[in-house]
Amino acid sequence: MAALSSAERAEIDAEIAILPDARSASIEALKTVQRHRRWIDDDALGAVAEYLDLSKHELEAIASFYNLLFRKPVGRHVVLVCDSVSCWILGNEAVKQALEDSLGAAFGEVTRDDRFTALPMQCLGACDRGPALMIDEDLHGPVQPADVSELLRRYP
Amino acid sequence: MKTPLTHTIRPKEPPLDLSQYRRTGGYRAAELTVGRTAPGDVVDLVKRSGLRGRGGAGFPTGAKWSFVPMGDDAPRPKYFVANADEMEPGAFKDRYLLEGDPHGLIESMILSGYAIGAEVGYIFLRWAYRLAYARLSRAIAEAREAGFLGHDIFGSGHAFDVHIHVSAGRYMCGEETGLLNALEGKRATPRHKPPYPQASGLWGKPTVVNNIETICAVRHIVFHGPDWFRELGANGGAGTKLYAASGKLRQPGVWELPIGTPLGEIIDEHAGGMTSGARFRATLPGGASTEFLTREHWDLPLDFDPVATAGSRLGTGTLIVMDDGTCPVGMVHNLEAFFAMESCGFCTPCREGLPWTAGVLRRLEEGRGRYEDIELLRHHAKLLAPGVTFCALAPGASAPLASALSLFGDDFERHVREGRCPFRAEA
């Protein structure tokens, strides 16, 4: 599915409409495609580049720059573990270990059942709730290592 | 009213909707100002209030605005950008305002935009702030519906609308010119200054970028006057400040207090002191990119000038507290690994120097360090100092490193001598 769907095009067009030119919508367009496809593969990147009249290389420079634009496959749910200093002080190393153990996958990998990808992230801006993590759009914290497997169970 | 920015915020409840906000006097300041007062008078009020940028730099807000070209021959459109990126590790104070007072932010953006003659406003929002996104989106829709945003706001003939850009995530987006590049759909690398954004900013047009807390003060300054705002401060400071604290504290959180409140009062009275078994050792007063303060600064008023005199920076005013059971080497390694990852790669000392620094710290923390490494780090902190790199990222990274080396040198040496981190249980 390389070509942009009509839904993707409509969402990108809505962004272009409030900007001075199409190329300024590049980040919004990549986010749109990611929302529909989970991650941005080479074909999707090419389709967006063509739609915005950018070269693939220009768009790749943008896509590879931002932490939350995924150029590799991710699972159905993305777990972002805050790796920032306050969460570190409050014991996030043990939470990260518990997460890798529960998932049976290292950070950045997709679990065998395609459910999860965990990524370390600085920072989630929840320093008063550390150690913190986000699963999809939900913020959780403080999280203890023993809580991790129960938390994951809520995301089938 | 001692806490104007937060007095309507109830953290466990949804924020005020438009009609509730109106009942507290909301949008009165904007209604009475837009089209009825000269924009220059708004700039003047903010100048006289003594308001300084709450994002970290402390630059006087009214002065920042006064560099925007005004009059009929000024370039158009002009832009007013609310920086809600808040990617500084340890900082979470703006989240409190974004979630708790969305209409207050919009009204203050209308007034700020009017002061500089801007037609378009952007809120540049950190991705992780999902709740803030939902609440801001709703408040913008309500304000548009009421005619407070759009082509003819308050029937004044003036246009001002607000859009949200949700960041795809990068620390450099907090730097104002990096943020402008991100809004233009580019990599968030810094731009050369001059030209300053006020003259040539977003898409080459006059632009002001302000921090959320700074902006939120504007409607109160316009409504109550600059003298009232000034008097909210303590120890010579002007206005209130959102302080926050995290670490091993009984009640980590955010509090609006007179700017100039002493360090010790924030930790003991507002954060409830340390958790049992933990003792205060030091704190980064304003996010990751500031120098450590210690016990000797317990009575130091946390305002821009006193903290600078003490050798650090107020920064964002969000304290990261280090207790006596936390390893200073491990903590600084965490910070430098962050800065190394977030370096945009645009200039060489930062791109190459930060990963190298983080690597040496990792070696020390893992017990594989040498005594020469400590000298190397001292030398390297100087190589990343202000004036050597293109923007403030690497100097920010060297601030906690250099101060940790001078304050906690013994801990660095113990890591080498014992060949392990003395703060970790023996394997």
# chains A, B, ... in the order shown; residues from 1 in each chain; ligands from 1
>>> select_by_dssp(residues="region 173-265 of chain B", states="alpha helix (DSSP H)", output="list in words")
Glu176, Thr177, Gly178, Leu179, Leu180, Asn181, Ala182, Leu183, Ile212, Glu213, Thr214, Ile215, Cys216, Ala217, Val218, Arg219, His220, Ile221, Val222, Phe223, His224, Pro226, Asp227, Trp228, Phe229, Arg230, Leu263, Gly264 and Glu265 of chain B
>>> select_by_dssp(residues="region 79-124 of chain A", states="strand (DSSP E or B)", output="list of chain:residue names")
A:Val79, A:Leu80, A:Val81, A:Cys82, A:Val110, A:Phe116, A:Thr117, A:Ala118, A:Leu119, A:Pro120, A:Met121
>>> residues_around(residues="Val78 (chain A)", least_positions_apart="3", cutoff="9 Å", atoms="only C-alpha atoms", output="JSON, numbers by chain")
{"A": [74, 75, 115, 116, 117, 118, 119, 134, 135, 136]}
>>> write_last_selection(atoms="all heavy atoms", output="CSV table (one decimal), in the first residue's frame")
chain,number,residue,atom,x,y,z
A,74,VAL,N,6.9,-1.1,14.4
A,74,VAL,CA,6.6,-1.1,15.8
A,74,VAL,C,5.4,-2.0,16.0
A,74,VAL,O,4.6,-2.3,15.1
A,74,VAL,CB,6.3,0.3,16.4
A,74,VAL,CG1,7.5,1.2,16.4
A,74,VAL,CG2,5.1,0.9,15.7
A,75,GLY,N,5.2,-2.5,17.3
A,75,GLY,CA,4.0,-3.3,17.6
A,75,GLY,C,2.7,-2.5,17.6
A,75,GLY,O,2.7,-1.3,17.4
A,115,ARG,N,2.4,-7.4,19.5
A,115,ARG,CA,1.7,-6.5,20.3
A,115,ARG,C,2.4,-5.2,20.7
A,115,ARG,O,1.8,-4.2,20.8
A,115,ARG,CB,1.3,-7.2,21.6
A,115,ARG,CG,-0.2,-7.7,21.6
A,115,ARG,CD,-0.4,-8.6,22.8
A,115,ARG,NE,-0.7,-7.8,24.1
A,115,ARG,CZ,-0.5,-8.4,25.3
A,115,ARG,NH1,-0.1,-9.6,25.4
A,115,ARG,NH2,-0.8,-7.6,26.4
A,116,PHE,N,3.7,-5.4,21.1
A,116,PHE,CA,4.4,-4.2,21.7
A,116,PHE,C,5.7,-3.9,21.1
A,116,PHE,O,6.4,-4.8,20.6
A,116,PHE,CB,4.7,-4.6,23.2
A,116,PHE,CG,3.5,-4.7,24.1
A,116,PHE,CD1,3.0,-5.9,24.5
A,116,PHE,CD2,2.8,-3.5,24.5
A,116,PHE,CE1,1.9,-6.0,25.3
A,116,PHE,CE2,1.7,-3.6,25.3
A,116,PHE,CZ,1.2,-4.8,25.7
A,117,THR,N,6.1,-2.6,21.2
A,117,THR,CA,7.5,-2.2,21.0
A,117,THR,C,7.7,-1.2,22.2
A,117,THR,O,6.9,-0.3,22.4
A,117,THR,CB,7.7,-1.5,19.7
A,117,THR,OG1,7.5,-2.4,18.6
A,117,THR,CG2,9.1,-0.9,19.6
A,118,ALA,N,8.8,-1.4,22.9
A,118,ALA,CA,9.2,-0.5,24.0
A,118,ALA,C,10.3,0.4,23.5
A,118,ALA,O,11.2,-0.1,22.9
A,118,ALA,CB,9.5,-1.3,25.2
A,119,LEU,N,10.3,1.6,23.9
A,119,LEU,CA,11.3,2.6,23.5
A,119,LEU,C,11.7,3.4,24.8
A,119,LEU,O,10.7,3.9,25.4
A,119,LEU,CB,10.9,3.5,22.4
A,119,LEU,CG,10.6,2.8,21.1
A,119,LEU,CD1,9.8,3.8,20.2
A,119,LEU,CD2,11.8,2.3,20.4
A,134,MET,N,4.5,5.6,29.3
A,134,MET,CA,3.3,5.8,28.5
A,134,MET,C,3.1,4.6,27.7
A,134,MET,O,4.0,4.1,27.1
A,134,MET,CB,3.4,7.0,27.6
A,134,MET,CG,3.2,8.4,28.4
A,134,MET,SD,3.2,9.8,27.3
A,134,MET,CE,1.5,9.8,26.7
A,135,ILE,N,1.8,4.1,27.7
A,135,ILE,CA,1.5,3.1,26.7
A,135,ILE,C,0.4,3.7,25.8
A,135,ILE,O,-0.6,4.2,26.3
A,135,ILE,CB,0.9,1.8,27.4
A,135,ILE,CG1,1.9,1.3,28.5
A,135,ILE,CG2,0.6,0.7,26.4
A,135,ILE,CD1,1.5,0.0,29.2
A,136,ASP,N,0.7,3.7,24.5
A,136,ASP,CA,-0.1,4.5,23.6
A,136,ASP,C,-0.3,5.9,24.1
A,136,ASP,O,0.7,6.6,24.3
A,136,ASP,CB,-1.4,3.8,23.3
A,136,ASP,CG,-1.1,2.4,22.7
A,136,ASP,OD1,-0.1,2.2,22.1
A,136,ASP,OD2,-2.0,1.5,22.8
>>> interface_residues(of="chain A", to="chain B", cutoff="9 Å", atoms="only C-alpha atoms", output="number ranges by chain")
A: 18-20, 23-28, 31, 59, 61-63, 65-69, 83-90, 122-130, 134, 137-139
>>> write_last_selection(atoms="N, CA and C atoms", output="short mmCIF file (atom, residue, chain, number, x, y, z; two decimals), in the first residue's frame")
data_model
loop_
_atom_site.label_atom_id
_atom_site.label_comp_id
_atom_site.auth_asym_id
_atom_site.auth_seq_id
_atom_site.Cartn_x
_atom_site.Cartn_y
_atom_site.Cartn_z
N ILE A 18 -3.73 25.31 6.15
CA ILE A 18 -3.44 26.38 7.11
C ILE A 18 -1.97 26.79 7.09
N LEU A 19 -1.21 26.32 6.10
CA LEU A 19 0.23 26.64 6.01
C LEU A 19 0.51 27.40 4.72
N PRO A 20 1.61 28.15 4.67
CA PRO A 20 1.92 28.92 3.47
C PRO A 20 2.28 28.05 2.26
N ARG A 23 5.27 22.01 1.56
CA ARG A 23 6.42 21.35 2.17
C ARG A 23 6.46 21.59 3.69
N SER A 24 5.86 22.69 4.14
CA SER A 24 5.82 22.94 5.58
C SER A 24 4.99 21.90 6.32
N ALA A 25 4.18 21.15 5.58
CA ALA A 25 3.34 20.12 6.21
C ALA A 25 4.07 18.78 6.34
N SER A 26 5.39 18.76 6.08
CA SER A 26 6.08 17.46 6.00
C SER A 26 5.95 16.65 7.29
N ILE A 27 6.14 17.29 8.45
CA ILE A 27 6.09 16.53 9.71
C ILE A 27 4.66 16.06 9.97
N GLU A 28 3.70 16.94 9.74
CA GLU A 28 2.30 16.55 9.93
C GLU A 28 1.93 15.40 8.98
N LYS A 31 3.40 12.20 10.29
CA LYS A 31 2.62 11.75 11.45
C LYS A 31 1.30 11.12 11.01
N LEU A 59 13.03 14.38 2.59
CA LEU A 59 12.03 13.93 3.56
C LEU A 59 12.63 12.93 4.54
N ALA A 61 15.65 13.03 5.64
CA ALA A 61 16.42 13.83 6.60
C ALA A 61 15.50 14.32 7.72
N ILE A 62 14.27 14.62 7.37
CA ILE A 62 13.30 15.10 8.37
C ILE A 62 12.78 13.91 9.20
N ALA A 63 12.40 12.84 8.52
CA ALA A 63 11.82 11.69 9.21
C ALA A 63 12.82 11.10 10.21
N PHE A 65 15.10 12.59 11.81
CA PHE A 65 15.52 13.55 12.83
C PHE A 65 14.67 13.44 14.10
N TYR A 66 13.39 13.12 13.95
CA TYR A 66 12.46 13.22 15.08
C TYR A 66 12.27 11.87 15.78
N ASN A 67 12.29 11.93 17.11
CA ASN A 67 12.27 10.72 17.93
C ASN A 67 10.99 9.90 17.75
N LEU A 68 9.89 10.56 17.43
CA LEU A 68 8.60 9.87 17.44
C LEU A 68 8.08 9.59 16.03
N LEU A 69 8.95 9.75 15.04
CA LEU A 69 8.61 9.27 13.69
C LEU A 69 9.35 7.95 13.51
N ASP A 83 13.25 7.95 30.42
CA ASP A 83 14.65 7.64 30.71
C ASP A 83 15.36 8.86 31.29
N SER A 84 14.56 9.81 31.74
CA SER A 84 15.11 11.08 32.15
C SER A 84 15.62 11.02 33.60
N VAL A 85 16.31 12.09 33.99
CA VAL A 85 17.10 12.06 35.23
C VAL A 85 16.24 11.82 36.47
N SER A 86 15.07 12.45 36.56
CA SER A 86 14.25 12.29 37.77
C SER A 86 13.76 10.84 37.88
N CYS A 87 13.34 10.28 36.76
CA CYS A 87 12.88 8.89 36.77
C CYS A 87 14.06 7.94 37.08
N TRP A 88 15.24 8.30 36.62
CA TRP A 88 16.43 7.49 36.92
C TRP A 88 16.70 7.49 38.43
N ILE A 89 16.63 8.67 39.05
CA ILE A 89 16.85 8.78 40.49
C ILE A 89 15.84 7.90 41.24
N LEU A 90 14.63 7.83 40.70
CA LEU A 90 13.56 7.10 41.38
C LEU A 90 13.51 5.62 40.99
N GLN A 122 13.31 10.36 26.48
CA GLN A 122 13.60 11.48 27.38
C GLN A 122 12.89 12.69 26.81
N CYS A 123 11.97 13.26 27.51
CA CYS A 123 11.46 12.91 28.82
C CYS A 123 9.94 12.97 28.67
N LEU A 124 9.18 12.38 29.58
CA LEU A 124 7.72 12.40 29.44
C LEU A 124 7.08 13.58 30.17
N GLY A 125 7.87 14.37 30.88
CA GLY A 125 7.31 15.53 31.58
C GLY A 125 6.39 15.14 32.71
N ALA A 126 6.68 14.02 33.35
CA ALA A 126 5.86 13.54 34.46
C ALA A 126 6.78 13.26 35.66
N CYS A 127 7.71 14.18 35.91
CA CYS A 127 8.75 13.96 36.92
C CYS A 127 8.18 13.82 38.31
N ASP A 128 6.96 14.34 38.53
CA ASP A 128 6.31 14.19 39.84
C ASP A 128 5.66 12.82 39.97
N ARG A 129 5.69 12.01 38.91
CA ARG A 129 5.07 10.68 38.93
C ARG A 129 6.06 9.58 38.55
N GLY A 130 7.36 9.86 38.72
CA GLY A 130 8.37 8.90 38.30
C GLY A 130 8.48 7.72 39.26
N MET A 134 4.55 5.64 29.30
CA MET A 134 3.31 5.81 28.54
C MET A 134 3.08 4.58 27.70
N GLU A 137 -1.49 6.33 24.41
CA GLU A 137 -1.69 7.71 24.85
C GLU A 137 -1.87 7.82 26.36
N ASP A 138 -1.70 6.73 27.09
CA ASP A 138 -1.97 6.74 28.53
C ASP A 138 -0.68 6.86 29.34
N LEU A 139 -0.68 7.81 30.27
CA LEU A 139 0.47 7.99 31.16
C LEU A 139 0.28 7.15 32.41
#
>>> closest_residue(among="B:Arg279, B:Arg76, B:Arg351, B:Arg54", to="Cys216 (chain B)", atoms="only C-alpha atoms")
B:Arg54
>>> residues_around(residues="Ala29 (chain A)", least_positions_apart="5", cutoff="12 Å", atoms="only C-alpha atoms", output="count of residues only")
33
>>> residues_around(residues="region 393-405 of chain B", least_positions_apart="2", cutoff="6 Å", atoms="only C-alpha atoms", output="ChimeraX atom specification")
/B:289-291,350,381,384-386,391,407-409
>>> closest_residue(among="A:Ser64, A:Ser55, A:Asp21, A:Lys96", to="Asp41 (chain A)", atoms="only C-alpha atoms")
A:Ser64
>>> atom_distance(atom1="CA of Lys205 (chain B)", atom2="CA of Tyr79 (chain B)")
7.3 Å
>>> decode(residues="region 133-166 of chain B", atoms="N, CA and C atoms", output="PDB file, in the first residue's frame")
ATOM      1  N   TYR B 133      -3.402  18.385  24.995  1.00  0.00           N
ATOM      2  CA  TYR B 133      -3.823  18.529  23.602  1.00  0.00           C
ATOM      3  C   TYR B 133      -5.342  18.504  23.495  1.00  0.00           C
ATOM      4  N   ALA B 134      -5.954  17.536  24.172  1.00  0.00           N
ATOM      5  CA  ALA B 134      -7.418  17.414  24.099  1.00  0.00           C
ATOM      6  C   ALA B 134      -8.092  18.653  24.691  1.00  0.00           C
ATOM      7  N   ARG B 135      -7.590  19.130  25.827  1.00  0.00           N
ATOM      8  CA  ARG B 135      -8.219  20.268  26.486  1.00  0.00           C
ATOM      9  C   ARG B 135      -8.011  21.575  25.721  1.00  0.00           C
ATOM     10  N   LEU B 136      -6.806  21.754  25.164  1.00  0.00           N
ATOM     11  CA  LEU B 136      -6.541  22.959  24.373  1.00  0.00           C
ATOM     12  C   LEU B 136      -7.383  22.969  23.104  1.00  0.00           C
ATOM     13  N   SER B 137      -7.489  21.805  22.450  1.00  0.00           N
ATOM     14  CA  SER B 137      -8.269  21.729  21.207  1.00  0.00           C
ATOM     15  C   SER B 137      -9.705  22.144  21.464  1.00  0.00           C
ATOM     16  N   ARG B 138     -10.249  21.661  22.587  1.00  0.00           N
ATOM     17  CA  ARG B 138     -11.625  21.982  22.927  1.00  0.00           C
ATOM     18  C   ARG B 138     -11.782  23.481  23.224  1.00  0.00           C
ATOM     19  N   ALA B 139     -10.829  24.036  23.979  1.00  0.00           N
ATOM     20  CA  ALA B 139     -10.913  25.449  24.349  1.00  0.00           C
ATOM     21  C   ALA B 139     -10.780  26.346  23.106  1.00  0.00           C
ATOM     22  N   ILE B 140      -9.914  25.967  22.168  1.00  0.00           N
ATOM     23  CA  ILE B 140      -9.768  26.754  20.935  1.00  0.00           C
ATOM     24  C   ILE B 140     -11.090  26.751  20.159  1.00  0.00           C
ATOM     25  N   ALA B 141     -11.711  25.562  20.073  1.00  0.00           N
ATOM     26  CA  ALA B 141     -12.989  25.474  19.350  1.00  0.00           C
ATOM     27  C   ALA B 141     -14.048  26.353  20.017  1.00  0.00           C
ATOM     28  N   GLU B 142     -14.094  26.344  21.351  1.00  0.00           N
ATOM     29  CA  GLU B 142     -15.056  27.188  22.071  1.00  0.00           C
ATOM     30  C   GLU B 142     -14.798  28.677  21.814  1.00  0.00           C
ATOM     31  N   ALA B 143     -13.517  29.051  21.845  1.00  0.00           N
ATOM     32  CA  ALA B 143     -13.160  30.470  21.649  1.00  0.00           C
ATOM     33  C   ALA B 143     -13.485  30.926  20.226  1.00  0.00           C
ATOM     34  N   ARG B 144     -13.289  30.033  19.249  1.00  0.00           N
ATOM     35  CA  ARG B 144     -13.644  30.373  17.857  1.00  0.00           C
ATOM     36  C   ARG B 144     -15.149  30.578  17.718  1.00  0.00           C
ATOM     37  N   GLU B 145     -15.876  29.642  18.314  1.00  0.00           N
ATOM     38  CA  GLU B 145     -17.336  29.685  18.266  1.00  0.00           C
ATOM     39  C   GLU B 145     -17.876  31.005  18.839  1.00  0.00           C
ATOM     40  N   ALA B 146     -17.210  31.486  19.896  1.00  0.00           N
ATOM     41  CA  ALA B 146     -17.660  32.710  20.571  1.00  0.00           C
ATOM     42  C   ALA B 146     -17.172  33.981  19.873  1.00  0.00           C
ATOM     43  N   GLY B 147     -16.345  33.807  18.848  1.00  0.00           N
ATOM     44  CA  GLY B 147     -15.830  34.987  18.135  1.00  0.00           C
ATOM     45  C   GLY B 147     -14.630  35.627  18.822  1.00  0.00           C
ATOM     46  N   PHE B 148     -13.980  34.884  19.742  1.00  0.00           N
ATOM     47  CA  PHE B 148     -12.784  35.403  20.405  1.00  0.00           C
ATOM     48  C   PHE B 148     -11.523  35.069  19.629  1.00  0.00           C
ATOM     49  N   LEU B 149     -11.645  34.105  18.716  1.00  0.00           N
ATOM     50  CA  LEU B 149     -10.568  33.795  17.773  1.00  0.00           C
ATOM     51  C   LEU B 149     -11.191  33.802  16.383  1.00  0.00           C
ATOM     52  N   GLY B 150     -10.412  34.225  15.395  1.00  0.00           N
ATOM     53  CA  GLY B 150     -10.932  34.208  14.029  1.00  0.00           C
ATOM     54  C   GLY B 150     -10.631  35.502  13.298  1.00  0.00           C
ATOM     55  N   HIS B 151     -11.496  35.823  12.306  1.00  0.00           N
ATOM     56  CA  HIS B 151     -11.213  36.971  11.431  1.00  0.00           C
ATOM     57  C   HIS B 151     -11.538  38.314  12.071  1.00  0.00           C
ATOM     58  N   ASP B 152     -12.433  38.308  13.056  1.00  0.00           N
ATOM     59  CA  ASP B 152     -12.909  39.579  13.610  1.00  0.00           C
ATOM     60  C   ASP B 152     -13.143  39.374  15.103  1.00  0.00           C
ATOM     61  N   ILE B 153     -12.046  39.396  15.887  1.00  0.00           N
ATOM     62  CA  ILE B 153     -12.183  38.990  17.289  1.00  0.00           C
ATOM     63  C   ILE B 153     -12.799  40.099  18.128  1.00  0.00           C
ATOM     64  N   PHE B 154     -13.731  39.738  18.956  1.00  0.00           N
ATOM     65  CA  PHE B 154     -14.494  40.671  19.808  1.00  0.00           C
ATOM     66  C   PHE B 154     -15.134  41.796  18.990  1.00  0.00           C
ATOM     67  N   GLY B 155     -15.417  41.532  17.719  1.00  0.00           N
ATOM     68  CA  GLY B 155     -16.013  42.557  16.861  1.00  0.00           C
ATOM     69  C   GLY B 155     -15.106  43.757  16.642  1.00  0.00           C
ATOM     70  N   SER B 156     -13.782  43.561  16.810  1.00  0.00           N
ATOM     71  CA  SER B 156     -12.837  44.685  16.745  1.00  0.00           C
ATOM     72  C   SER B 156     -12.314  44.931  15.333  1.00  0.00           C
ATOM     73  N   GLY B 157     -12.571  43.980  14.424  1.00  0.00           N
ATOM     74  CA  GLY B 157     -11.970  44.069  13.102  1.00  0.00           C
ATOM     75  C   GLY B 157     -10.580  43.444  13.036  1.00  0.00           C
ATOM     76  N   HIS B 158     -10.023  43.070  14.185  1.00  0.00           N
ATOM     77  CA  HIS B 158      -8.703  42.430  14.209  1.00  0.00           C
ATOM     78  C   HIS B 158      -8.839  40.920  14.059  1.00  0.00           C
ATOM     79  N   ALA B 159      -7.862  40.329  13.335  1.00  0.00           N
ATOM     80  CA  ALA B 159      -7.860  38.879  13.145  1.00  0.00           C
ATOM     81  C   ALA B 159      -6.792  38.248  14.032  1.00  0.00           C
ATOM     82  N   PHE B 160      -7.146  37.144  14.664  1.00  0.00           N
ATOM     83  CA  PHE B 160      -6.143  36.327  15.373  1.00  0.00           C
ATOM     84  C   PHE B 160      -6.703  34.928  15.542  1.00  0.00           C
ATOM     85  N   ASP B 161      -5.957  33.936  15.054  1.00  0.00           N
ATOM     86  CA  ASP B 161      -6.387  32.549  15.244  1.00  0.00           C
ATOM     87  C   ASP B 161      -5.224  31.755  15.814  1.00  0.00           C
ATOM     88  N   VAL B 162      -5.535  30.642  16.469  1.00  0.00           N
ATOM     89  CA  VAL B 162      -4.508  29.817  17.120  1.00  0.00           C
ATOM     90  C   VAL B 162      -4.574  28.393  16.578  1.00  0.00           C
ATOM     91  N   HIS B 163      -3.408  27.857  16.212  1.00  0.00           N
ATOM     92  CA  HIS B 163      -3.297  26.462  15.776  1.00  0.00           C
ATOM     93  C   HIS B 163      -2.331  25.723  16.701  1.00  0.00           C
ATOM     94  N   ILE B 164      -2.543  24.420  16.843  1.00  0.00           N
ATOM     95  CA  ILE B 164      -1.629  23.601  17.648  1.00  0.00           C
ATOM     96  C   ILE B 164      -0.752  22.771  16.705  1.00  0.00           C
ATOM     97  N   HIS B 165       0.564  22.783  16.940  1.00  0.00           N
ATOM     98  CA  HIS B 165       1.445  21.818  16.276  1.00  0.00           C
ATOM     99  C   HIS B 165       1.950  20.858  17.339  1.00  0.00           C
ATOM    100  N   VAL B 166       1.645  19.562  17.181  1.00  0.00           N
ATOM    101  CA  VAL B 166       2.150  18.562  18.112  1.00  0.00           C
ATOM    102  C   VAL B 166       3.512  18.102  17.620  1.00  0.00           C
TER     103      VAL B 166
END
